[in-house]
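Peer 1: Sending over final-v3.cif (mmCIF, C-alpha atoms).
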```
data_data
loop_
_atom_site.label_atom_id
_atom_site.label_comp_id
_atom_site.auth_asym_id
_atom_site.auth_seq_id
_atom_site.Cartn_x
_atom_site.Cartn_y
_atom_site.Cartn_z
CA MET A 1 228.73 181.06 202.29
CA GLY A 2 227.19 178.46 200.04
CA GLN A 3 223.73 177.04 200.02
CA VAL A 4 223.40 173.63 201.66
CA GLN A 5 220.61 171.26 200.66
CA ALA A 6 219.24 167.99 202.04
CA THR A 7 216.51 166.06 200.18
CA THR A 8 214.64 162.95 201.32
CA GLU A 9 211.78 161.11 199.57
CA ARG A 10 209.35 158.33 200.35
CA THR A 11 206.37 156.79 198.55
CA TYR A 12 203.13 155.78 200.30
CA ASP A 13 200.14 153.61 199.49
CA ALA A 14 197.75 156.45 200.20
CA ALA A 15 195.93 159.17 198.29
CA PRO A 16 197.78 162.51 197.91
CA GLU A 17 194.97 164.36 199.68
CA ARG A 18 195.29 162.15 202.76
CA VAL A 19 199.07 162.55 202.89
CA TYR A 20 198.91 166.33 202.45
CA GLU A 21 196.22 166.59 205.13
CA ALA A 22 198.43 164.69 207.58
CA LEU A 23 201.49 166.85 206.84
CA ALA A 24 199.49 170.08 207.09
CA ASP A 25 198.12 169.12 210.54
CA TYR A 26 200.72 170.73 212.80
CA GLN A 27 198.47 170.48 215.86
CA VAL A 28 197.74 166.74 216.10
CA THR A 29 199.56 164.70 213.44
CA ARG A 30 202.95 166.44 213.13
CA PRO A 31 203.93 165.94 216.79
CA LYS A 32 203.36 162.18 216.32
CA LEU A 33 205.79 162.13 213.39
CA LEU A 34 208.74 163.72 215.15
CA PRO A 35 211.69 161.56 216.27
CA ALA A 36 213.71 162.09 219.46
CA GLN A 37 215.85 164.85 217.92
CA TYR A 38 212.87 167.22 218.28
CA SER A 39 211.91 168.79 221.60
CA GLU A 40 209.81 171.67 222.92
CA TYR A 41 207.37 171.35 219.99
CA GLU A 42 204.67 174.01 220.22
CA VAL A 43 202.14 175.44 217.77
CA ARG A 44 202.03 179.18 218.44
CA VAL A 45 199.62 180.34 215.73
CA GLY A 46 197.07 178.40 213.69
CA GLY A 47 197.69 174.69 213.48
CA THR A 48 196.67 173.65 209.97
CA GLY A 49 198.60 174.55 206.83
CA ALA A 50 199.41 178.07 205.70
CA GLY A 51 199.65 180.68 208.44
CA THR A 52 200.72 178.20 211.09
CA GLN A 53 203.64 179.22 213.28
CA VAL A 54 205.41 176.39 215.07
CA HIS A 55 208.40 176.24 217.40
CA TRP A 56 210.74 173.35 218.15
CA ARG A 57 214.29 172.62 219.15
CA LEU A 58 216.19 170.29 216.84
CA GLN A 59 219.22 168.43 218.11
CA ALA A 60 221.04 167.91 214.82
CA THR A 61 224.17 166.48 216.47
CA GLU A 62 225.30 165.74 220.01
CA LYS A 63 226.52 169.33 220.40
CA ARG A 64 224.39 171.23 217.86
CA VAL A 65 220.86 172.25 218.90
CA ARG A 66 218.85 174.66 216.75
CA ASP A 67 216.03 176.76 218.19
CA CYS A 68 213.51 176.93 215.33
CA LEU A 69 210.49 179.17 214.79
CA PHE A 70 208.88 178.26 211.48
CA THR A 71 206.09 180.04 209.65
CA VAL A 72 204.23 177.87 207.14
CA SER A 73 203.04 178.92 203.69
CA ALA A 74 201.41 176.91 200.90
CA PRO A 75 202.56 178.50 197.62
CA GLU A 76 201.24 175.52 195.61
CA PRO A 77 198.26 173.24 196.36
CA ASP A 78 200.62 170.29 196.89
CA GLN A 79 203.31 172.07 198.88
CA LEU A 80 204.05 173.30 202.39
CA VAL A 81 206.98 175.67 202.91
CA GLU A 82 208.37 176.25 206.40
CA LYS A 83 210.64 179.30 206.87
CA ASP A 84 212.66 179.66 210.06
CA ALA A 85 212.71 183.10 211.67
CA ASN A 86 215.91 182.18 213.55
CA SER A 87 218.04 181.10 210.58
CA SER A 88 218.11 180.88 206.79
CA MET A 89 216.58 177.38 206.85
CA VAL A 90 213.64 176.68 204.55
CA ILE A 91 211.96 173.27 204.52
CA THR A 92 209.73 172.42 201.56
CA TRP A 93 207.34 169.46 201.67
CA THR A 94 206.02 168.44 198.24
CA VAL A 95 203.24 165.87 197.82
CA ALA A 96 202.82 164.28 194.35
CA ALA A 97 200.59 161.53 192.97
CA GLU A 98 202.56 158.43 191.96
CA GLY A 99 199.90 156.48 190.09
CA GLU A 100 196.61 155.20 191.42
CA GLY A 101 196.39 155.51 195.21
CA ARG A 102 200.12 156.17 195.67
CA THR A 103 201.87 159.34 196.77
CA LYS A 104 205.46 160.50 196.85
CA VAL A 105 206.58 163.02 199.47
CA THR A 106 209.77 164.97 198.92
CA VAL A 107 211.20 167.05 201.77
CA THR A 108 213.98 169.49 200.90
CA ALA A 109 215.77 171.61 203.47
CA THR A 110 218.03 174.45 202.33
CA TRP A 111 220.08 176.98 204.25
CA GLN A 112 223.11 179.24 203.93
CA GLY A 113 226.12 177.33 205.15
CA ALA A 114 229.27 178.50 206.84
CA THR A 115 232.48 179.39 205.02
CA GLY A 116 235.94 177.88 205.29
CA ILE A 117 236.72 174.48 206.73
CA GLY A 118 233.60 174.59 208.91
CA GLY A 119 231.51 175.14 205.82
CA PHE A 120 233.18 172.20 204.10
CA PHE A 121 232.25 169.89 206.97
CA GLU A 122 228.74 171.35 207.14
CA ARG A 123 228.14 170.78 203.41
CA THR A 124 229.57 167.28 203.70
CA PHE A 125 227.90 165.97 206.85
CA ALA A 126 224.87 168.13 207.75
CA PRO A 127 222.72 166.97 204.80
CA LYS A 128 223.31 163.32 205.71
CA GLY A 129 222.28 163.92 209.32
CA LEU A 130 219.21 165.93 208.36
CA ASN A 131 218.24 163.29 205.78
CA ARG A 132 218.33 160.63 208.53
CA ILE A 133 216.05 162.79 210.70
CA HIS A 134 213.63 163.52 207.84
CA ASP A 135 213.66 159.85 206.81
CA GLN A 136 212.41 158.98 210.30
CA VAL A 137 209.67 161.63 210.03
CA LEU A 138 208.62 160.16 206.67
CA ALA A 139 208.70 156.62 208.10
CA ASN A 140 206.44 157.73 210.94
CA LEU A 141 204.12 159.37 208.40
CA ALA A 142 203.54 155.93 206.83
CA ALA A 143 201.76 154.75 209.99
CA GLU A 144 199.53 157.84 209.99
CA VAL A 145 198.30 157.56 206.38
CA ARG A 146 197.52 153.84 206.23
#
```
The structure in this file should be written as C-alpha coordinates.
Peer 2:
Amino acid sequence: MGQVQATTERTYDAAPERVYEALADYQVTRPKLLPAQYSEYEVRVGGTGAGTQVHWRLQATEKRVRDCLFTVSAPEPDQLVEKDANSSMVITWTVAAEGEGRTKVTVTATWQGATGIGGFFERTFAPKGLNRIHDQVLANLAAEVR
(Lines of atoms letter the chains of each structure in order from A and count residues from 1; the text may use other names and numbers.)
(Lines give C-alpha, C1' and ligand atoms only; values in the text may rest on other atoms or scores of the structure.)
Protein backbone atom coordinates (compact mmCIF):
# COMPACT_ATOMS: atom_id res chain seq x y z
CA MET A 1 0.00 0.00 0.00
CA GLY A 2 1.24 3.46 -0.85
CA GLN A 3 0.14 6.80 0.43
CA VAL A 4 -2.20 8.70 -1.88
CA GLN A 5 -2.40 12.49 -1.73
CA ALA A 6 -4.71 15.11 -3.23
CA THR A 7 -3.99 18.84 -2.79
CA THR A 8 -6.15 21.80 -3.83
CA GLU A 9 -5.55 25.53 -3.24
CA ARG A 10 -7.44 28.77 -3.66
CA THR A 11 -6.75 32.41 -2.77
CA TYR A 12 -9.40 34.76 -1.34
CA ASP A 13 -9.78 38.51 -0.92
CA ALA A 14 -10.44 38.12 2.80
CA ALA A 15 -8.49 38.25 6.05
CA PRO A 16 -7.01 34.92 7.25
CA GLU A 17 -8.96 35.14 10.51
CA ARG A 18 -12.28 35.37 8.63
CA VAL A 19 -11.41 32.44 6.38
CA TYR A 20 -10.26 30.25 9.27
CA GLU A 21 -13.39 31.13 11.26
CA ALA A 22 -15.58 30.04 8.35
CA LEU A 23 -13.71 26.74 7.88
CA ALA A 24 -13.75 25.98 11.61
CA ASP A 25 -17.55 26.47 11.80
CA TYR A 26 -18.75 22.91 11.21
CA GLN A 27 -22.23 23.69 12.52
CA VAL A 28 -23.41 26.52 10.25
CA THR A 29 -20.87 27.40 7.54
CA ARG A 30 -19.42 24.01 6.54
CA PRO A 31 -22.77 22.49 5.48
CA LYS A 32 -23.23 25.46 3.10
CA LEU A 33 -19.88 24.72 1.44
CA LEU A 34 -20.53 21.07 0.60
CA PRO A 35 -21.34 20.06 -2.99
CA ALA A 36 -23.77 17.30 -3.99
CA GLN A 37 -21.23 14.52 -3.39
CA TYR A 38 -21.79 14.96 0.37
CA SER A 39 -24.85 13.58 2.15
CA GLU A 40 -26.01 12.78 5.68
CA TYR A 41 -23.87 15.61 7.12
CA GLU A 42 -24.17 15.71 10.90
CA VAL A 43 -22.16 17.33 13.68
CA ARG A 44 -22.05 14.80 16.51
CA VAL A 45 -19.80 16.58 19.02
CA GLY A 46 -18.87 20.25 19.32
CA GLY A 47 -19.29 22.27 16.18
CA THR A 48 -16.42 24.75 16.12
CA GLY A 49 -12.80 23.81 15.51
CA ALA A 50 -10.81 21.33 17.57
CA GLY A 51 -12.81 18.63 19.31
CA THR A 52 -15.59 18.64 16.73
CA GLN A 53 -16.76 15.26 15.49
CA VAL A 54 -18.62 15.28 12.20
CA HIS A 55 -20.16 12.56 10.05
CA TRP A 56 -20.91 12.55 6.33
CA ARG A 57 -21.17 10.23 3.38
CA LEU A 58 -19.01 11.12 0.41
CA GLN A 59 -19.88 9.80 -3.02
CA ALA A 60 -16.43 9.90 -4.61
CA THR A 61 -17.55 8.11 -7.79
CA GLU A 62 -20.80 6.68 -9.13
CA LYS A 63 -20.14 3.41 -7.31
CA ARG A 64 -17.84 4.47 -4.45
CA VAL A 65 -19.45 5.95 -1.32
CA ARG A 66 -17.40 6.48 1.83
CA ASP A 67 -18.99 6.65 5.27
CA CYS A 68 -16.84 9.19 7.12
CA LEU A 69 -16.59 10.04 10.82
CA PHE A 70 -14.01 12.79 11.26
CA THR A 71 -12.56 14.17 14.47
CA VAL A 72 -11.07 17.65 14.15
CA SER A 73 -7.86 18.88 15.76
CA ALA A 74 -6.01 22.19 15.40
CA PRO A 75 -2.30 21.39 15.82
CA GLU A 76 -1.31 24.87 14.54
CA PRO A 77 -3.20 28.18 14.86
CA ASP A 78 -3.76 28.26 11.08
CA GLN A 79 -4.64 24.61 10.57
CA LEU A 80 -7.54 22.20 10.94
CA VAL A 81 -6.85 18.46 10.71
CA GLU A 82 -9.72 16.03 10.17
CA LYS A 83 -9.00 12.33 10.88
CA ASP A 84 -11.47 9.69 9.75
CA ALA A 85 -12.28 6.93 12.25
CA ASN A 86 -13.50 4.70 9.39
CA SER A 87 -10.40 4.84 7.18
CA SER A 88 -6.83 6.13 7.00
CA MET A 89 -7.97 9.42 5.46
CA VAL A 90 -6.63 12.65 6.95
CA ILE A 91 -7.70 16.03 5.56
CA THR A 92 -5.59 19.06 6.46
CA TRP A 93 -6.88 22.60 5.90
CA THR A 94 -4.14 25.26 6.06
CA VAL A 95 -4.93 28.98 6.05
CA ALA A 96 -2.07 31.39 5.19
CA ALA A 97 -1.85 35.14 4.68
CA GLU A 98 -1.06 36.08 1.07
CA GLY A 99 -0.32 39.77 1.44
CA GLU A 100 -2.63 42.48 2.71
CA GLY A 101 -6.22 41.24 3.06
CA ARG A 102 -5.63 38.07 1.02
CA THR A 103 -5.61 34.47 2.17
CA LYS A 104 -4.59 31.18 0.60
CA VAL A 105 -6.29 27.96 1.68
CA THR A 106 -4.61 24.65 0.97
CA VAL A 107 -6.55 21.42 1.52
CA THR A 108 -4.56 18.19 1.44
CA ALA A 109 -6.14 14.76 1.78
CA THR A 110 -3.94 11.72 2.35
CA TRP A 111 -4.76 8.05 2.82
CA GLN A 112 -3.26 4.59 2.44
CA GLY A 113 -4.10 3.33 -1.01
CA ALA A 114 -4.72 -0.16 -2.29
CA THR A 115 -2.05 -2.39 -3.79
CA GLY A 116 -1.80 -3.92 -7.24
CA ILE A 117 -3.68 -2.74 -10.29
CA GLY A 118 -6.47 -1.32 -8.12
CA GLY A 119 -3.91 0.76 -6.27
CA PHE A 120 -2.49 2.03 -9.56
CA PHE A 121 -5.92 3.26 -10.65
CA GLU A 122 -6.60 4.72 -7.20
CA ARG A 123 -3.32 6.67 -7.19
CA THR A 124 -3.98 7.83 -10.74
CA PHE A 125 -7.64 8.85 -10.60
CA ALA A 126 -8.76 9.30 -6.98
CA PRO A 127 -6.71 12.47 -6.35
CA LYS A 128 -8.19 14.13 -9.45
CA GLY A 129 -11.73 13.32 -8.34
CA LEU A 130 -11.14 14.48 -4.78
CA ASN A 131 -9.47 17.66 -6.04
CA ARG A 132 -12.61 18.45 -8.09
CA ILE A 133 -14.76 17.97 -4.98
CA HIS A 134 -12.47 20.09 -2.79
CA ASP A 135 -12.24 22.75 -5.50
CA GLN A 136 -16.03 23.09 -5.33
CA VAL A 137 -15.87 23.38 -1.52
CA LEU A 138 -13.24 26.12 -1.87
CA ALA A 139 -15.30 27.89 -4.55
CA ASN A 140 -18.31 27.86 -2.22
CA LEU A 141 -16.11 29.23 0.57
CA ALA A 142 -15.47 32.33 -1.56
CA ALA A 143 -19.13 33.34 -1.26
CA GLU A 144 -19.02 32.91 2.53
CA VAL A 145 -15.94 35.09 3.19
CA ARG A 146 -16.76 38.07 0.97
Peer 1: In the coordinate frame of the file, compute which residues have an atom within 10 Å of (213.8, 175.2, 216.4) when using all atoms listed in the file, and state them as a ChimeraX atom specification.
Peer 2: /A:38-42,54-59,65-70,84-87
Peer 1: Would you save the residues from that selection as a short mmCIF file (atom, residue, chain, number, x, y, z; two decimals), keeping the file's coordinate frame, using C-alpha atoms?
Peer 2:
```cif
data_model
loop_
_atom_site.label_atom_id
_atom_site.label_comp_id
_atom_site.auth_asym_id
_atom_site.auth_seq_id
_atom_site.Cartn_x
_atom_site.Cartn_y
_atom_site.Cartn_z
CA TYR A 38 212.87 167.22 218.28
CA SER A 39 211.91 168.79 221.60
CA GLU A 40 209.81 171.67 222.92
CA TYR A 41 207.37 171.35 219.99
CA GLU A 42 204.67 174.01 220.22
CA VAL A 54 205.41 176.39 215.07
CA HIS A 55 208.40 176.24 217.40
CA TRP A 56 210.74 173.35 218.15
CA ARG A 57 214.29 172.62 219.15
CA LEU A 58 216.19 170.29 216.84
CA GLN A 59 219.22 168.43 218.11
CA VAL A 65 220.86 172.25 218.90
CA ARG A 66 218.85 174.66 216.75
CA ASP A 67 216.03 176.76 218.19
CA CYS A 68 213.51 176.93 215.33
CA LEU A 69 210.49 179.17 214.79
CA PHE A 70 208.88 178.26 211.48
CA ASP A 84 212.66 179.66 210.06
CA ALA A 85 212.71 183.10 211.67
CA ASN A 86 215.91 182.18 213.55
CA SER A 87 218.04 181.10 210.58
#
```
Peer 1: Pick from A:Ala109, A:Ala142, A:Met89, A:Val43: nearest to Ala22 in chain A, with only C-alpha atoms counted?
Peer 2: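 Checking each of A:Ala109, A:Ala142, A:Met89, A:Val43 against Ala22 in chain A, counting only C-alpha atoms, the winner is A:Ala142.
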Peer 1: I'd like the residues picked by the PyMOL selection byres ((chain A and resi 104) around 9) written out as a ChimeraX atom specification, using the chain letters and numbers from the file.
Peer 2: /A:9-12,16,94-98,102-103,105-106
Peer 1: Select all residues near (207.6, 179.6, 206.5) (cut-off 6 Å, inclusive, file coordinates), counting all atoms listed in the file, and output them as an NGL selection string.
Peer 2: :A and (70-73 or 81-83)
Peer 1: Please measure the separation of CA of Asp78 in chain A and CA of Gln37 in chain A, giving the value in Å to one decimal.
Peer 2: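 Interatomic distance, CA of Asp78 in chain A to CA of Gln37 in chain A: 26.5 Å.
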Peer 1: Go through A:Val107, A:Ala15, A:Arg30, A:Gly51 and flag the residue nearest Asp135 in chain A, using all atoms listed in the file for the distances.
Peer 2: A:Val107
Peer 1: Find the distance between CA of Arg18 in chain A and CA of Gly99 in chain A and write it in Å to one decimal.
Peer 2: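 Interatomic distance here is 14.6 Å.
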Peer 1: Box for range 100-115 of chain A - axis-aligned, 3 Å on each of the six sides, all listed atoms - centre and size in Å to one decimal, as lines of an AutoDock Vina configuration file.
Peer 2:
```
center_x = 214.4
center_y = 167.3
center_z = 199.1
size_x = 42.1
size_y = 30.2
size_z = 21.4
```
Peer 1: Considering all atoms listed in the file, state which residue in the set A:Val19, A:Val4, A:Val28, A:Ala60 is at the smallest distance from Ile133 in chain A.
Peer 2: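 Of all the options, A:Ala60 lies closest to Ile133 in chain A.
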Peer 1: Work out how far apart CA of Val45 in chain A and CA of Gln3 in chain A are and give it in Å to one decimal.
Peer 2: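 These two atoms are separated by 29.0 Å.
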Peer 1: For a quick check of understanding, using only C-alpha atoms, which of A:Gln27, A:Thr92, A:Gln136, A:Thr48 has the smallest distance to Thr7 in chain A?
Peer 2: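 When distances to Thr7 in chain A are compared using only C-alpha atoms, the smallest one comes from A:Thr92.
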